[in-house]
Structure formats: structure tokens, C-alpha cells
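Data block for start_33.cif (mmCIF, C-alpha atoms and all ligand atoms):
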data_run
#
loop_
_atom_site.label_atom_id
_atom_site.label_comp_id
_atom_site.auth_asym_id
_atom_site.auth_seq_id
_atom_site.Cartn_x
_atom_site.Cartn_y
_atom_site.Cartn_z
CA MET C 138 142.92 -23.78 -86.00
CA ARG C 139 145.41 -26.64 -86.29
CA LYS C 140 147.30 -27.88 -83.27
CA VAL C 141 150.75 -29.09 -84.34
CA LEU C 142 153.30 -30.98 -82.25
CA ASN C 143 156.81 -30.21 -83.48
CA VAL C 144 159.30 -32.87 -82.45
CA VAL C 145 162.98 -32.13 -81.80
CA GLY C 146 165.48 -34.61 -80.44
CA ALA C 147 169.04 -34.06 -81.55
CA ARG C 148 171.25 -31.20 -82.67
CA PRO C 149 170.45 -31.32 -86.42
CA ASN C 150 166.72 -31.04 -85.67
CA PHE C 151 166.72 -27.60 -84.08
CA MET C 152 167.52 -25.57 -87.22
CA LYS C 153 164.77 -27.45 -89.07
CA VAL C 154 162.04 -26.92 -86.49
CA ALA C 155 162.81 -23.28 -85.61
CA PRO C 156 161.51 -21.81 -88.90
CA LEU C 157 158.38 -23.97 -88.74
CA VAL C 158 157.49 -22.83 -85.24
CA ASP C 159 158.32 -19.25 -86.18
CA ALA C 160 155.99 -19.41 -89.18
CA MET C 161 153.21 -21.00 -87.09
CA LYS C 162 153.49 -18.22 -84.53
CA ARG C 163 153.27 -15.68 -87.31
CA ARG C 164 150.19 -17.47 -88.66
CA GLU C 165 148.56 -17.76 -85.24
CA HIS C 166 145.04 -17.63 -86.65
CA GLU C 167 145.80 -20.89 -88.50
CA PHE C 168 148.19 -22.82 -86.22
CA THR C 169 148.90 -23.54 -82.56
CA PRO C 170 152.42 -24.95 -82.31
CA LEU C 171 153.81 -26.97 -79.42
CA VAL C 172 157.48 -28.01 -79.20
CA VAL C 173 158.25 -31.48 -77.84
CA HIS C 174 161.94 -32.17 -77.07
CA THR C 175 162.67 -35.87 -76.62
CA GLY C 176 165.98 -35.13 -74.85
CA GLN C 177 168.03 -37.36 -77.19
CA HIS C 178 170.64 -34.59 -77.03
CA TYR C 179 170.88 -32.83 -73.69
CA ASP C 180 174.27 -31.11 -73.25
CA VAL C 181 174.09 -27.32 -73.23
CA MET C 182 176.18 -27.07 -76.38
CA MET C 183 174.28 -29.86 -78.15
CA SER C 184 170.83 -28.52 -77.31
CA ASP C 185 170.13 -25.41 -75.16
CA ALA C 186 172.51 -23.17 -77.11
CA PHE C 187 170.48 -23.82 -80.24
CA PHE C 188 167.21 -22.70 -78.68
CA THR C 189 168.79 -19.35 -77.84
CA ASP C 190 170.61 -18.92 -81.15
CA LEU C 191 167.65 -19.92 -83.29
CA GLU C 192 165.10 -18.00 -81.19
CA LEU C 193 163.24 -21.27 -80.72
CA PRO C 194 160.79 -21.12 -77.79
CA GLU C 195 161.56 -23.36 -74.80
CA PRO C 196 160.07 -26.83 -75.29
CA ASP C 197 156.49 -27.14 -74.06
CA LEU C 198 157.26 -30.75 -73.19
CA TYR C 199 160.61 -32.33 -72.42
CA LEU C 200 160.86 -36.14 -72.38
CA SER C 201 164.37 -36.56 -70.86
CA VAL C 202 165.21 -39.65 -72.89
CA GLY C 203 168.99 -39.18 -72.93
CA SER C 204 171.58 -41.52 -74.43
CA GLY C 205 171.37 -45.29 -74.86
CA SER C 206 171.61 -48.07 -77.39
CA HIS C 207 169.49 -47.63 -80.51
CA ALA C 208 166.81 -49.96 -79.18
CA ALA C 209 166.77 -48.43 -75.70
CA GLN C 210 166.70 -44.86 -76.99
CA THR C 211 164.06 -45.50 -79.67
CA ALA C 212 161.87 -47.41 -77.24
CA ALA C 213 162.19 -44.77 -74.54
CA VAL C 214 161.14 -42.03 -76.98
CA MET C 215 158.11 -44.09 -78.03
CA GLN C 216 157.02 -44.83 -74.48
CA ARG C 217 157.29 -41.22 -73.40
CA PHE C 218 155.84 -39.68 -76.56
CA GLU C 219 152.71 -41.83 -76.74
CA PRO C 220 151.00 -40.31 -73.65
CA VAL C 221 151.85 -36.83 -74.93
CA VAL C 222 150.04 -37.49 -78.20
CA LEU C 223 147.09 -39.04 -76.39
CA GLN C 224 146.82 -36.08 -74.08
CA GLN C 225 147.41 -33.32 -76.62
CA GLN C 226 145.31 -34.77 -79.49
CA PRO C 227 147.17 -32.79 -82.18
CA ASP C 228 145.88 -32.30 -85.72
CA TRP C 229 149.40 -32.92 -87.02
CA VAL C 230 152.74 -34.09 -85.69
CA LEU C 231 155.83 -32.87 -87.56
CA VAL C 232 159.02 -34.91 -87.42
CA VAL C 233 162.21 -33.74 -89.14
CA GLY C 234 165.43 -35.32 -90.41
CA ASP C 235 166.63 -38.82 -89.68
CA VAL C 236 167.55 -39.27 -86.03
CA ASN C 237 166.17 -41.95 -83.72
CA SER C 238 163.61 -39.51 -82.31
CA THR C 239 162.24 -38.94 -85.83
CA LEU C 240 161.38 -42.58 -86.43
CA ALA C 241 160.23 -43.25 -82.87
CA CYS C 242 157.70 -40.41 -82.87
CA ALA C 243 156.45 -41.17 -86.39
CA LEU C 244 155.80 -44.77 -85.35
CA VAL C 245 153.85 -43.70 -82.28
CA CYS C 246 151.63 -41.44 -84.40
CA VAL C 247 150.84 -43.94 -87.10
CA LYS C 248 149.85 -46.56 -84.52
CA LEU C 249 147.54 -44.07 -82.83
CA GLY C 250 146.04 -42.93 -86.14
CA VAL C 251 147.34 -39.38 -85.64
CA LYS C 252 148.53 -37.60 -88.78
CA VAL C 253 152.29 -37.26 -89.06
CA ALA C 254 154.35 -35.40 -91.64
CA HIS C 255 158.05 -35.94 -92.32
CA VAL C 256 160.12 -32.88 -93.17
CA GLU C 257 163.28 -33.69 -95.19
CA ALA C 258 161.78 -36.85 -96.64
CA GLY C 259 163.12 -38.96 -99.48
CA LEU C 260 166.88 -38.60 -98.96
CA ARG C 261 168.73 -41.88 -99.50
CA SER C 262 172.39 -42.79 -99.14
CA ARG C 263 171.59 -46.41 -100.06
CA ASP C 264 173.90 -47.41 -97.23
CA ARG C 265 171.86 -49.48 -94.82
CA SER C 266 174.69 -49.68 -92.32
CA MET C 267 173.90 -46.04 -91.42
CA PRO C 268 171.31 -45.82 -88.63
CA GLU C 269 169.97 -42.67 -90.29
CA GLU C 270 169.22 -44.54 -93.55
CA ILE C 271 167.01 -46.98 -91.66
CA ASN C 272 165.30 -44.10 -89.88
CA ARG C 273 164.68 -42.34 -93.21
CA LEU C 274 163.35 -45.43 -95.01
CA LEU C 275 160.94 -46.41 -92.25
CA THR C 276 159.71 -42.90 -91.45
CA ASP C 277 158.90 -42.29 -95.12
CA GLN C 278 157.01 -45.57 -95.37
CA ILE C 279 154.65 -44.68 -92.53
CA ALA C 280 154.24 -40.88 -92.55
CA ASP C 281 151.08 -39.39 -94.06
CA LEU C 282 152.80 -36.47 -95.78
CA LEU C 283 156.36 -36.33 -97.06
CA PHE C 284 158.00 -32.93 -97.54
CA THR C 285 161.04 -33.22 -99.78
CA PRO C 286 164.01 -30.83 -100.11
CA SER C 287 164.95 -31.71 -103.68
CA GLN C 288 163.54 -33.51 -106.70
CA ASP C 289 165.90 -36.47 -106.36
CA ALA C 290 164.11 -37.17 -103.08
CA ASP C 291 160.76 -37.26 -104.88
CA GLU C 292 162.22 -39.75 -107.34
CA ASN C 293 163.53 -41.95 -104.52
CA LEU C 294 160.10 -42.04 -102.90
CA ARG C 295 158.31 -42.79 -106.15
CA ALA C 296 160.78 -45.63 -106.82
CA GLU C 297 159.82 -47.10 -103.43
CA GLY C 298 156.19 -47.16 -104.49
CA ILE C 299 155.00 -44.19 -102.45
CA PRO C 300 152.02 -42.53 -104.16
CA LYS C 301 152.66 -39.02 -105.41
CA GLU C 302 149.69 -37.67 -103.42
CA ARG C 303 151.75 -38.14 -100.26
CA ILE C 304 154.78 -36.25 -101.60
CA ARG C 305 155.29 -32.47 -101.60
CA PHE C 306 158.45 -30.86 -102.96
CA VAL C 307 158.86 -27.83 -100.70
CA GLY C 308 162.61 -27.10 -100.64
CA ASN C 309 165.16 -27.19 -97.86
CA ILE C 310 163.88 -26.09 -94.45
CA MET C 311 167.42 -25.68 -93.05
CA ILE C 312 168.04 -22.87 -95.48
CA ASP C 313 165.18 -20.90 -93.88
CA SER C 314 167.28 -20.84 -90.70
CA LEU C 315 170.52 -20.15 -92.54
CA ASN C 316 169.12 -17.16 -94.43
CA LYS C 317 167.45 -15.76 -91.36
CA GLN C 318 170.46 -16.07 -89.06
CA LEU C 319 173.25 -15.02 -91.45
CA ALA C 320 173.07 -11.36 -90.43
CA ARG C 321 172.99 -12.13 -86.68
CA ALA C 322 175.94 -14.51 -87.04
CA LYS C 323 178.08 -11.54 -88.16
CA ASP C 324 178.05 -10.36 -84.51
CA SER C 325 179.81 -13.54 -83.40
CA ASN C 326 183.44 -13.07 -82.35
CA VAL C 327 184.38 -16.68 -82.90
CA ARG C 328 186.98 -16.01 -85.60
CA GLU C 329 188.62 -13.27 -83.54
CA ASP C 330 188.58 -15.45 -80.41
CA LEU C 331 190.27 -18.25 -82.33
CA GLY C 332 192.66 -15.84 -84.05
CA VAL C 333 191.88 -17.06 -87.56
CA ALA C 334 191.76 -14.83 -90.63
CA ASP C 335 189.06 -14.83 -93.30
CA ARG C 336 189.54 -17.69 -95.85
CA ASP C 337 192.74 -18.75 -94.15
CA TYR C 338 191.60 -21.77 -92.21
CA ALA C 339 189.66 -25.00 -92.55
CA VAL C 340 186.79 -26.32 -90.42
CA LEU C 341 186.40 -29.99 -89.56
CA THR C 342 183.46 -31.92 -88.09
CA LEU C 343 183.42 -35.64 -87.51
CA HIS C 344 180.84 -37.71 -85.67
CA ARG C 345 179.55 -40.60 -87.81
CA PRO C 346 179.93 -43.91 -85.96
CA LYS C 347 181.60 -45.39 -89.06
CA ASN C 348 184.33 -42.75 -88.88
CA VAL C 349 184.81 -42.26 -85.17
CA ASP C 350 183.85 -45.50 -83.43
CA ASP C 351 186.54 -47.52 -85.17
CA ARG C 352 190.01 -46.75 -83.78
CA GLU C 353 191.82 -47.55 -87.00
CA THR C 354 189.57 -45.36 -89.17
CA LEU C 355 189.67 -42.42 -86.76
CA THR C 356 193.47 -42.65 -86.44
CA ARG C 357 193.82 -42.79 -90.23
CA ILE C 358 191.57 -39.76 -90.76
CA LEU C 359 193.33 -37.64 -88.14
CA GLY C 360 196.72 -38.72 -89.47
CA THR C 361 195.73 -37.72 -93.01
CA LEU C 362 194.48 -34.34 -91.86
CA GLU C 363 197.91 -33.43 -90.53
CA ALA C 364 199.06 -32.80 -94.11
CA ILE C 365 196.21 -30.30 -94.56
CA GLY C 366 196.88 -28.81 -91.11
CA SER C 367 200.40 -27.99 -92.20
CA ARG C 368 198.96 -25.61 -94.83
CA VAL C 369 196.05 -24.03 -92.95
CA PRO C 370 194.90 -24.36 -89.35
CA ILE C 371 192.03 -26.80 -89.03
CA ILE C 372 189.45 -25.77 -86.43
CA PHE C 373 187.71 -28.88 -85.10
CA PRO C 374 184.64 -28.43 -82.87
CA VAL C 375 184.45 -31.91 -81.35
CA HIS C 376 181.16 -33.81 -80.95
CA PRO C 377 180.88 -35.61 -77.57
CA ARG C 378 180.87 -39.04 -79.26
CA THR C 379 184.13 -38.16 -81.03
CA ARG C 380 185.67 -36.56 -77.93
CA LYS C 381 185.28 -39.86 -76.07
CA MET C 382 186.90 -41.82 -78.88
CA ILE C 383 189.82 -39.40 -79.23
CA SER C 384 190.48 -39.66 -75.49
CA GLY C 385 190.30 -43.45 -75.85
CA LEU C 386 193.02 -43.32 -78.49
CA GLY C 387 195.25 -41.55 -76.02
CA LEU C 388 195.61 -38.60 -78.40
CA GLU C 389 196.36 -35.30 -76.71
CA ALA C 390 194.74 -32.08 -77.89
CA THR C 391 198.14 -30.41 -77.60
CA SER C 392 199.86 -32.87 -79.91
CA LEU C 393 197.06 -32.53 -82.48
CA ALA C 394 197.26 -28.73 -82.20
CA ALA C 395 200.99 -28.91 -82.94
CA LYS C 396 200.00 -30.58 -86.21
CA GLY C 397 197.53 -27.85 -87.09
CA ILE C 398 194.35 -29.57 -85.84
CA ARG C 399 192.80 -27.42 -83.12
CA LEU C 400 190.19 -29.18 -81.01
CA ILE C 401 187.53 -26.93 -79.52
CA GLU C 402 184.19 -27.51 -77.76
CA PRO C 403 181.06 -27.87 -79.93
CA LEU C 404 179.80 -24.45 -81.06
CA GLY C 405 176.31 -22.99 -81.04
CA TYR C 406 174.49 -22.28 -84.31
CA LEU C 407 175.57 -18.66 -84.76
CA ASP C 408 179.23 -19.18 -83.88
CA PHE C 409 179.42 -22.22 -86.11
CA LEU C 410 177.77 -20.37 -88.99
CA ARG C 411 180.21 -17.49 -88.56
CA LEU C 412 183.09 -19.95 -88.50
CA TYR C 413 182.35 -22.09 -91.53
CA SER C 414 181.08 -19.19 -93.63
CA GLY C 415 184.59 -17.69 -93.52
CA ALA C 416 186.48 -20.94 -94.06
CA ARG C 417 188.57 -21.72 -97.09
CA LEU C 418 187.56 -25.35 -96.84
CA VAL C 419 185.18 -27.51 -94.81
CA LEU C 420 185.87 -31.18 -94.08
CA THR C 421 182.90 -33.05 -92.67
CA ASP C 422 180.87 -36.22 -92.36
CA SER C 423 177.69 -34.29 -91.50
CA GLY C 424 174.68 -34.24 -93.82
CA GLY C 425 173.48 -30.73 -93.07
CA ILE C 426 176.87 -29.09 -93.48
CA GLN C 427 177.09 -30.42 -97.04
CA GLU C 428 173.92 -28.41 -97.75
CA GLU C 429 174.89 -25.26 -95.88
CA THR C 430 178.23 -25.04 -97.70
CA THR C 431 176.39 -25.47 -101.00
CA VAL C 432 174.26 -22.42 -100.34
CA LEU C 433 177.28 -20.34 -99.29
CA GLY C 434 179.61 -21.58 -102.04
CA ILE C 435 182.22 -22.98 -99.64
CA PRO C 436 184.24 -25.99 -100.85
CA CYS C 437 183.23 -29.05 -98.84
CA VAL C 438 185.13 -32.33 -98.72
CA THR C 439 182.85 -35.06 -97.38
CA LEU C 440 184.56 -37.81 -95.42
CA ARG C 441 182.02 -40.48 -96.32
CA GLU C 442 181.72 -43.06 -99.08
CA ASN C 443 178.28 -41.82 -100.10
CA THR C 444 175.81 -39.02 -99.61
CA GLU C 445 172.03 -38.86 -99.32
CA ARG C 446 172.35 -35.31 -100.66
CA PRO C 447 173.70 -35.77 -104.22
CA ILE C 448 172.42 -32.34 -105.24
CA THR C 449 175.26 -30.76 -103.23
CA VAL C 450 177.75 -32.55 -105.49
CA GLU C 451 175.81 -31.55 -108.62
CA MET C 452 175.87 -27.90 -107.57
CA GLY C 453 179.66 -27.97 -107.53
CA THR C 454 180.62 -27.37 -103.89
CA ASN C 455 180.77 -30.89 -102.48
CA THR C 456 183.26 -33.69 -103.15
CA ILE C 457 182.70 -37.16 -101.69
CA VAL C 458 186.02 -38.75 -100.79
CA GLY C 459 185.42 -41.35 -98.07
CA THR C 460 188.35 -41.98 -95.76
CA ASP C 461 191.05 -42.88 -98.26
CA PRO C 462 194.09 -40.68 -97.38
CA GLN C 463 195.03 -40.04 -101.00
CA LYS C 464 191.51 -38.99 -101.97
CA ILE C 465 191.16 -36.72 -98.93
CA THR C 466 194.40 -34.85 -99.53
CA THR C 467 193.89 -34.55 -103.29
CA ALA C 468 190.42 -33.04 -102.86
CA ALA C 469 191.45 -30.82 -99.94
CA PHE C 470 194.55 -29.45 -101.66
CA ALA C 471 192.56 -28.79 -104.84
CA ALA C 472 190.03 -26.83 -102.80
CA LEU C 473 192.74 -24.90 -100.95
CA ASP C 474 194.41 -24.00 -104.24
CA GLN C 475 191.19 -22.95 -105.95
CA GLY C 476 189.58 -20.88 -103.20
CA PRO C 477 185.83 -20.18 -103.17
CA VAL C 478 183.76 -22.19 -105.64
CA SER C 479 183.00 -20.02 -108.63
CA GLY C 480 179.67 -20.20 -110.40
CA HIS C 481 178.11 -22.51 -107.84
CA ARG C 482 174.36 -22.83 -108.01
CA ILE C 483 171.68 -22.94 -105.33
CA PRO C 484 169.15 -25.77 -105.70
CA PRO C 485 165.53 -24.93 -106.55
CA LEU C 486 163.41 -23.85 -103.55
CA TRP C 487 166.36 -23.52 -101.18
CA ASP C 488 165.13 -19.97 -100.85
CA GLY C 489 164.21 -19.43 -97.18
CA HIS C 490 160.46 -19.90 -97.73
CA THR C 491 160.11 -23.63 -97.15
CA ALA C 492 158.31 -23.28 -93.81
CA ASP C 493 155.40 -21.39 -95.36
CA ARG C 494 155.09 -23.93 -98.16
CA ILE C 495 154.88 -26.69 -95.54
CA LEU C 496 152.23 -24.84 -93.53
CA ASP C 497 150.19 -24.21 -96.68
CA SER C 498 150.19 -27.96 -97.32
CA LEU C 499 149.04 -28.73 -93.80
CA LEU C 500 145.92 -26.57 -94.18
C1 LIG C 601 172.78 -38.37 -83.47
C2 LIG C 601 172.02 -38.89 -84.70
C3 LIG C 601 172.77 -38.50 -85.96
C4 LIG C 601 173.07 -37.01 -85.99
C5 LIG C 601 173.81 -36.63 -84.73
C6 LIG C 601 174.13 -35.17 -84.64
C7 LIG C 601 170.79 -40.99 -84.45
C8 LIG C 601 170.82 -42.44 -84.76
N1 LIG C 601 171.92 -40.33 -84.70
O1 LIG C 601 174.04 -39.05 -83.42
O2 LIG C 601 171.98 -38.82 -87.08
O3 LIG C 601 173.85 -36.72 -87.12
O4 LIG C 601 172.99 -36.99 -83.60
O5 LIG C 601 174.84 -34.87 -83.50
O6 LIG C 601 169.79 -40.50 -84.01
N2 LIG C 601 176.23 -37.39 -76.05
C9 LIG C 601 176.57 -36.46 -75.11
N3 LIG C 601 175.76 -35.37 -74.97
C10 LIG C 601 174.64 -35.17 -75.72
C11 LIG C 601 174.30 -36.14 -76.67
C12 LIG C 601 175.10 -37.24 -76.83
O7 LIG C 601 177.56 -36.58 -74.42
O8 LIG C 601 173.96 -34.15 -75.55
C13 LIG C 601 177.10 -38.56 -76.23
C14 LIG C 601 176.62 -39.76 -75.49
O9 LIG C 601 177.73 -40.44 -75.00
C15 LIG C 601 175.97 -40.62 -76.53
C16 LIG C 601 176.77 -40.26 -77.78
O10 LIG C 601 177.15 -38.90 -77.60
O11 LIG C 601 176.01 -41.94 -76.21
C17 LIG C 601 176.01 -40.39 -79.03
O12 LIG C 601 174.76 -39.71 -78.96
P1 LIG C 601 173.51 -40.23 -79.84
O13 LIG C 601 172.38 -39.29 -79.70
O14 LIG C 601 173.27 -41.66 -79.57
O15 LIG C 601 174.06 -40.19 -81.30
P2 LIG C 601 174.89 -39.09 -82.09
O16 LIG C 601 176.20 -39.66 -82.44
O17 LIG C 601 174.88 -37.76 -81.42
#

Can you present the structure in this file as C-alpha cells?
Amino acid sequence: MRKVLNVVGARPNFMKVAPLVDAMKRREHEFTPLVVHTGQHYDVMMSDAFFTDLELPEPDLYLSVGSGSHAAQTAAVMQRFEPVVLQQQPDWVLVVGDVNSTLACALVCVKLGVKVAHVEAGLRSRDRSMPEEINRLLTDQIADLLFTPSQDADENLRAEGIPKERIRFVGNIMIDSLNKQLARAKDSNVREDLGVADRDYAVLTLHRPKNVDDRETLTRILGTLEAIGSRVPIIFPVHPRTRKMISGLGLEATSLAAKGIRLIEPLGYLDFLRLYSGARLVLTDSGGIQEETTVLGIPCVTLRENTERPITVEMGTNTIVGTDPQKITTAAFAALDQGPVSGHRIPPLWDGHTADRILDSLL
């Protein structure tokens, strides 16, 4: 019997950990899972809603870390996670993705000599100004086992000198959640509540510090989107970081709505899935949404200069445009004119069975 601590911290972690815990519960003769929530994200719509939607059991341990500077947040996670590991003595700790909680918990484990595995290893944007890139690089250097979503990730790790014995290509864990929840998401009334018709609207998400923390960049992006909003309504569930910055700019939700950009509160997993799966176009700076739109064949315009997920571009759904107004509108209008991506492909092992492959490797 293997005792496994599954670490979650921020919104993009929940859909990665849910299928792992689910599979461990199914394989109860082999695994005893515990869920540790660092509390990096704590709002109901950034955290609790995801436990319900993803049928993820309540955390066994909650560390209440909250917000703070990178150093303060990372240090607080480390200080609070260390006694948990010492007390629980797990056989494995699983960390996922690239948030501050991921690196902090991996570092605690390696210093204590407790085995840690990184799920979603090997992704690289090669942009070291992104906090996530630093988290990815360092976590992969120190973790004992690296579970990769795609073969480009294996190549990145090998190029950094990581021995192949530590690398396992298992596919994309997020797609386990997507495939499982697609049917349940059909019960969501989010499109009806918003009054949008199938394939007749766009969805926008924006939260990267590079895009939202700088007034000029955020103003330019929102200004550019008005041209798209004049063709289709843009539904914009607003991340708390972005909400603060938009208020700081003195922009009113009503004036943006008049230009076709409708600000709404962050959505839970099922409502958001229902929403973007019916969109004609998705505009985003998220990593995970680039992957989810690839699997569903939805055109995605990525408002970043780079991606750590190049396979989404290769598969034909994703276009990387940065924040240049001309590039954004050209790509968005092309997507609106073309409709759903035809002949898109799904990457190898993005098949909904990644959790079991990971558990097999842990045995
Ligand atoms: C974090 C991750 C990022 C991920 C994103 C998804 C890091 C370095 N960044 O960024 O990789 O894509 O989560 O959302 O780990 N806040 C709230 N309520 C919350 C959480 C945050 O109001 O529940 C506000 C706080 O003012 C906080 C700010 O949002 O200061 C930013 O939160 P933080 O966790 O530092 O980073 P994110 O931008 O959410």
C-alpha cells in the first residue's frame, strides 16, 4: 500500500489532481491518497467550486497560505508543508503544474529525502520572465519522477541533462478531467443564463502578470478586443488579479459591455467547460485552455509571445499572437470567418487514461 500526498494550491491544479485521486480511490488496495491544499487560491470561485465540480474530496489538510509576494508565498508553503510531510511520512508526494505551491512542495520533499513526482513536467516557454517557467525548471531539476504530457517535453528534459530513467511520457492529465466531465457539463445553464447562442460568441480569459499588471498593455489588449466584440459578444470571466487592475484603470464594466466585452465573475469548472466548448473563438493567456481547446477543436488565439505547449499549435487549433493589435485582430477574424477547426488532431496519449499510467509508474 502506497501513501500518496497530492498537492493542490491554485485553480489550474484542481483538474490535474482530481483524476489522480479518483484513480487512487478506485485502486484502494494499492494506494491511500491524501489531498493537501496549500491555500494559494482561496476564493470560493477560485477553489471550492472546483472541488464540487470535479468531485474532488475535501482536502485532508489545508495550509491557509493565501496571497503574498512570490518569496512570501513560496516560503509560507514550505514552512507549512514540511511538518505535514514529517508527520504523514508518505511514500510519494505528487505535485502538478507550475504554480508557486508546486515548486515549494517539491523543494520540501527533496530536502527531506521523500520521493516526489512532478505531473506535467518538461514544458518550457523559454521565457524566464514568467514565474511559472522558473517553477517548471526548478521542479523538474529536483523531482524524482517526471511525468510528461507530450514528447516535446521529454526532449526538453533530455536537453537539460535529465536522465531518461526519471522521465515517463504518460499524456495529459487534464484531459482525464475534461473527458470525464464533458457529459455533466451539458447540464450547465451558463449559455442560457448569459443569453448566448451556440458558436455565436467568443470567450476571453486574461490573468498573466505580463498582460494585466501593466496598465498600458492591459489597456491596449482591451482596446483591441473591441473590434472583435463588435462582431460577436465576448464573454470575459475575470480573474481576481485582473479585476483589480481593471478597476485601477477606471474602466467600467458597463462601458466595456457596450463595446461587446461582457465581464462576469470567474466560473466553476463545469460552467466554464460548457461555455468555451460552445464558443466560436477563445482568446486567452492561460496554458491549460490552449490544451482544452485543442482537444475540442475550438480555435484559440493565445495572447502571449510564446507557449510552453507548442503541440497545441502543431495540432492546428492554437495561434500565438502576443499583444500586437494587428496580429490579434487578424487571427481572431480569421477564426471567426472559418468556424470550427477542421481536421484537427488530438495529441498522443491525451486519451483520458493518464492517471492510471501515472499510478502504474508509482508502483
Ligand atoms: C497563479 C499562478 C499561475 C496560474 C494562476 C491561475 C503562480 C506564480 N501563479 O497566478 O501560474 O496560472 O494562479 O489562476 O503560482 N487572489 C484572490 N483570490 C484568490 C487567489 C488570488 O483574490 O483566491 C488575488 C490576490 O490579490 C492575489 C492575486 O489574485 O494577490 C494573484 O494571486 P496569485 O496566487 O499570487 O497568482 P495568480 O495570478 O492567481

Item to check | Between CA of Gly489 in chain C and atom O4 of ligand LIG 601 (chain C) - distance in Å to one decimal | outcome: 23.9 Å

Checklist entry - Hey, what's within 8 Å of Leu231 in chain C if we count all atoms listed in the file and toss same-chain stuff fewer than 4 positions away? As an MDAnalysis selection string, please? => result chainID C and resid 141:144 253:256

Next on the checklist: Need the shell around range 154-162 of chain C: protein/DNA/RNA residues with any atom at most 8 Å away, counting only C-alpha atoms. Skip same-chain ones fewer than 3 positions apart. Format as a ChimeraX atom specification?
Outcome noted: /C:143-145,150-151,165,167-170,172,191-193,233,310,313-314,492-493,496

So that each row is one residue of chain C with an atom at most 7 Å from ligand LIG 601 (chain C), can you give its shortest atom pair and the distance in Å to one decimal, using all atoms listed in the file, rows by chain and rising number, as a Markdown table?
| residue | atom | partner | partner_atom | distance |
| --- | --- | --- | --- | --- |
| C:Ala147 | CA | C:LIG601 | O4 | 5.3 |
| C:Arg148 | CA | C:LIG601 | O5 | 5.2 |
| C:Pro149 | CA | C:LIG601 | C6 | 5.6 |
| C:Gln177 | CA | C:LIG601 | O13 | 5.4 |
| C:His178 | CA | C:LIG601 | O8 | 3.7 |
| C:Tyr179 | CA | C:LIG601 | O8 | 3.8 |
| C:Asp180 | CA | C:LIG601 | O8 | 3.8 |
| C:Met183 | CA | C:LIG601 | O8 | 5.0 |
| C:Ser184 | CA | C:LIG601 | O8 | 6.7 |
| C:Ser204 | CA | C:LIG601 | O11 | 4.8 |
| C:Gly205 | CA | C:LIG601 | O11 | 5.9 |
| C:Ser206 | CA | C:LIG601 | O14 | 7.0 |
| C:His207 | CA | C:LIG601 | C8 | 6.8 |
| C:Asp235 | CA | C:LIG601 | O2 | 5.9 |
| C:Val236 | CA | C:LIG601 | O6 | 3.3 |
| C:Asn237 | CA | C:LIG601 | O6 | 3.9 |
| C:Ser238 | CA | C:LIG601 | O6 | 6.5 |
| C:Pro268 | CA | C:LIG601 | C8 | 5.2 |
| C:Glu269 | CA | C:LIG601 | O2 | 5.4 |
| C:His344 | CA | C:LIG601 | O16 | 6.0 |
| C:Arg345 | CA | C:LIG601 | O16 | 6.4 |
| C:Pro346 | CA | C:LIG601 | O16 | 6.7 |
| C:His376 | CA | C:LIG601 | O5 | 6.9 |
| C:Pro377 | CA | C:LIG601 | O7 | 4.7 |
| C:Arg378 | CA | C:LIG601 | O10 | 4.1 |
| C:Ser423 | CA | C:LIG601 | O3 | 6.3 |

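Proximity ranking of C:Asp488, C:Glu270, C:Glu363, C:Asp190 relative to Thr466 in chain C places C:Glu363 first, based on all atoms listed in the file.
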
Item to check | Long-range neighbours of Asp408 in chain C as JSON, numbers by chain, 12 Å cut-off, all atoms listed in the file, 2 positions minimum in chain | outcome: {"C": [182, 186, 187, 190, 191, 318, 319, 320, 321, 322, 323, 324, 325, 326, 327, 328, 329, 330, 331, 374, 402, 403, 404, 405, 406, 410, 411, 412, 413, 414, 415]}

Next on the checklist: Counting all atoms listed in the file, which residue out of C:Ile365, C:Leu198, C:Ile495, C:Leu315 sits closest to Thr430 in chain C?
Outcome noted: C:Leu315

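In terms of minimum interatomic distance to Arg494 in chain C, C:Gly308 ranks closest within C:Gly308, C:Gly176, C:Pro220, C:Pro300, counting only C-alpha atoms.
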
Checklist entry - Around (145.4, -26.3, -80.4) in the file's frame, which residues reach within 7 Å when counting only C-alpha atoms? Return as a PyMOL selection string? => result chain C and resi 138-140+169+227

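A straight line drawn from CA of Leu418 in chain C to CA of Pro370 in chain C is 10.5 Å long.
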
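Proximity of C:Thr391, C:Thr456, C:Gly234, C:Ser479 to Met311 in chain C, computed with all atoms listed in the file, is greatest for C:Gly234.
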
With N, CA and C atoms retained, output range 423-436 of chain C as an mmCIF file, in the first residue's frame.
data_model
loop_
_atom_site.group_PDB
_atom_site.id
_atom_site.type_symbol
_atom_site.label_atom_id
_atom_site.label_comp_id
_atom_site.auth_asym_id
_atom_site.auth_seq_id
_atom_site.Cartn_x
_atom_site.Cartn_y
_atom_site.Cartn_z
ATOM 1 N N SER C 423 -4.018 31.756 -20.862
ATOM 2 C CA SER C 423 -3.876 30.583 -19.984
ATOM 3 C C SER C 423 -3.108 29.477 -20.709
ATOM 4 N N GLY C 424 -2.440 28.623 -19.947
ATOM 5 C CA GLY C 424 -1.783 27.464 -20.547
ATOM 6 C C GLY C 424 -2.779 26.347 -20.789
ATOM 7 N N GLY C 425 -3.549 26.022 -19.756
ATOM 8 C CA GLY C 425 -4.463 24.883 -19.826
ATOM 9 C C GLY C 425 -5.532 25.037 -20.898
ATOM 10 N N ILE C 426 -6.004 26.259 -21.082
ATOM 11 C CA ILE C 426 -7.084 26.460 -22.059
ATOM 12 C C ILE C 426 -6.581 26.224 -23.483
ATOM 13 N N GLN C 427 -5.316 26.475 -23.718
ATOM 14 C CA GLN C 427 -4.744 26.151 -25.045
ATOM 15 C C GLN C 427 -4.894 24.654 -25.315
ATOM 16 N N GLU C 428 -4.735 23.844 -24.256
ATOM 17 C CA GLU C 428 -4.816 22.386 -24.421
ATOM 18 C C GLU C 428 -6.262 21.913 -24.537
ATOM 19 N N GLU C 429 -7.122 22.490 -23.709
ATOM 20 C CA GLU C 429 -8.521 22.049 -23.727
ATOM 21 C C GLU C 429 -9.177 22.375 -25.071
ATOM 22 N N THR C 430 -8.849 23.537 -25.639
ATOM 23 C CA THR C 430 -9.428 23.883 -26.947
ATOM 24 C C THR C 430 -8.864 22.985 -28.044
ATOM 25 N N THR C 431 -7.638 22.521 -27.865
ATOM 26 C CA THR C 431 -7.067 21.585 -28.848
ATOM 27 C C THR C 431 -7.874 20.297 -28.903
ATOM 28 N N VAL C 432 -8.204 19.782 -27.728
ATOM 29 C CA VAL C 432 -8.941 18.519 -27.699
ATOM 30 C C VAL C 432 -10.344 18.691 -28.280
ATOM 31 N N LEU C 433 -10.950 19.851 -28.073
ATOM 32 C CA LEU C 433 -12.322 20.056 -28.545
ATOM 33 C C LEU C 433 -12.393 20.677 -29.945
ATOM 34 N N GLY C 434 -11.235 21.036 -30.506
ATOM 35 C CA GLY C 434 -11.239 21.597 -31.869
ATOM 36 C C GLY C 434 -11.783 23.012 -31.940
ATOM 37 N N ILE C 435 -11.612 23.785 -30.870
ATOM 38 C CA ILE C 435 -12.085 25.170 -30.847
ATOM 39 C C ILE C 435 -10.909 26.088 -31.204
ATOM 40 N N PRO C 436 -11.095 27.033 -32.121
ATOM 41 C CA PRO C 436 -9.995 27.954 -32.429
ATOM 42 C C PRO C 436 -9.599 28.766 -31.194
#
